[in-house]
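*Asks:* I'd like to ask some things about the structure below.
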Amino acid sequence: MANTCETCRFWSDRIAHAGDTEMEAMCLNEDSPFYSTFVTENSWCPKWDYNAWGAIDELEPPDPEEEDQEQTR
């Protein structure tokens with residue numbers, strides 16, 4: 001696995017746009033030299049951190065117990 005923005009937990013899941021040649025997303029790592037700028041998925045920086053649980057701004061998946069309760073109402 002490459003240590004690129006695409007696999008970094010600070011590459012935003014919610015703040016993104018189509019760049020000139022590929023998708024760009026906002027860097028949300030305050031310690032990164034790219035913080036608060038749009039970077040491509042193939043970019044790399046020294047503050048990379050693996051997104052094992054998704055990006056830090058990823059929407060929370062629905063709670064199955066809450067969904068069951070709503071269906072029985």
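Labels used: A, B, ... for chains in the order of the structure tokens, numbers from 1 for residues in each chain, and numbers from 1 for ligands as shown.
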Fewer than 5 positions away in the same chain doesn't count, so skip those; otherwise give me all residues within 12 Å of Gly54 (chain A), counting only C-alpha atoms, as a PyMOL selection string.
*Replies:* chain A and resi 6-14+49+59-61
*Asks:* Could those residues be written to a file, using C-alpha atoms, as a compact mmCIF listing (two decimals), in the first residue's frame?
*Replies:*
# COMPACT_ATOMS: atom_id res chain seq x y z
CA GLU A 6 -6.05 8.43 -1.05
CA THR A 7 -5.23 6.10 1.87
CA CYS A 8 -4.70 8.86 4.45
CA ARG A 9 -7.29 9.42 7.18
CA PHE A 10 -6.95 13.18 6.75
CA TRP A 11 -7.97 13.20 3.06
CA SER A 12 -11.54 14.50 3.35
CA ASP A 13 -14.50 12.32 2.41
CA ARG A 14 -16.83 15.34 2.38
CA ASP A 49 -1.72 8.37 8.62
CA LEU A 59 -20.20 10.16 8.10
CA GLU A 60 -20.95 7.68 10.82
CA PRO A 61 -22.65 4.51 9.55
*Asks:* Quick one: everything within 12 Å of Tyr35 (chain A), counting only C-alpha atoms, minus sequence neighbours fewer than 2 positions away in the same chain. Send it as a PyMOL selection string.
*Replies:* chain A and resi 5+10-12+25-33+37-39+45-48
*Asks:* From the options A:Ile15, A:Thr21, A:Asn3, A:Ile56, which residue's atoms come nearest to Ser43 (chain A), counting only C-alpha atoms?
*Replies:*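 Result for the nearest residue to Ser43 (chain A): A:Asn3.
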*Asks:* Grab the CA of Gly19 (chain A) to CA of Tyr50 (chain A) distance for me, in Å with one decimal place.
*Replies:*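 It comes out at 23.3 Å.
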*Asks:* Smallest atom-to-atom distance to Thr4 (chain A): which of A:Ala16, A:Glu41, A:Asn51, A:Glu22, using only C-alpha atoms?
*Replies:*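 Closest to Thr4 (chain A), using only C-alpha atoms: A:Glu41.
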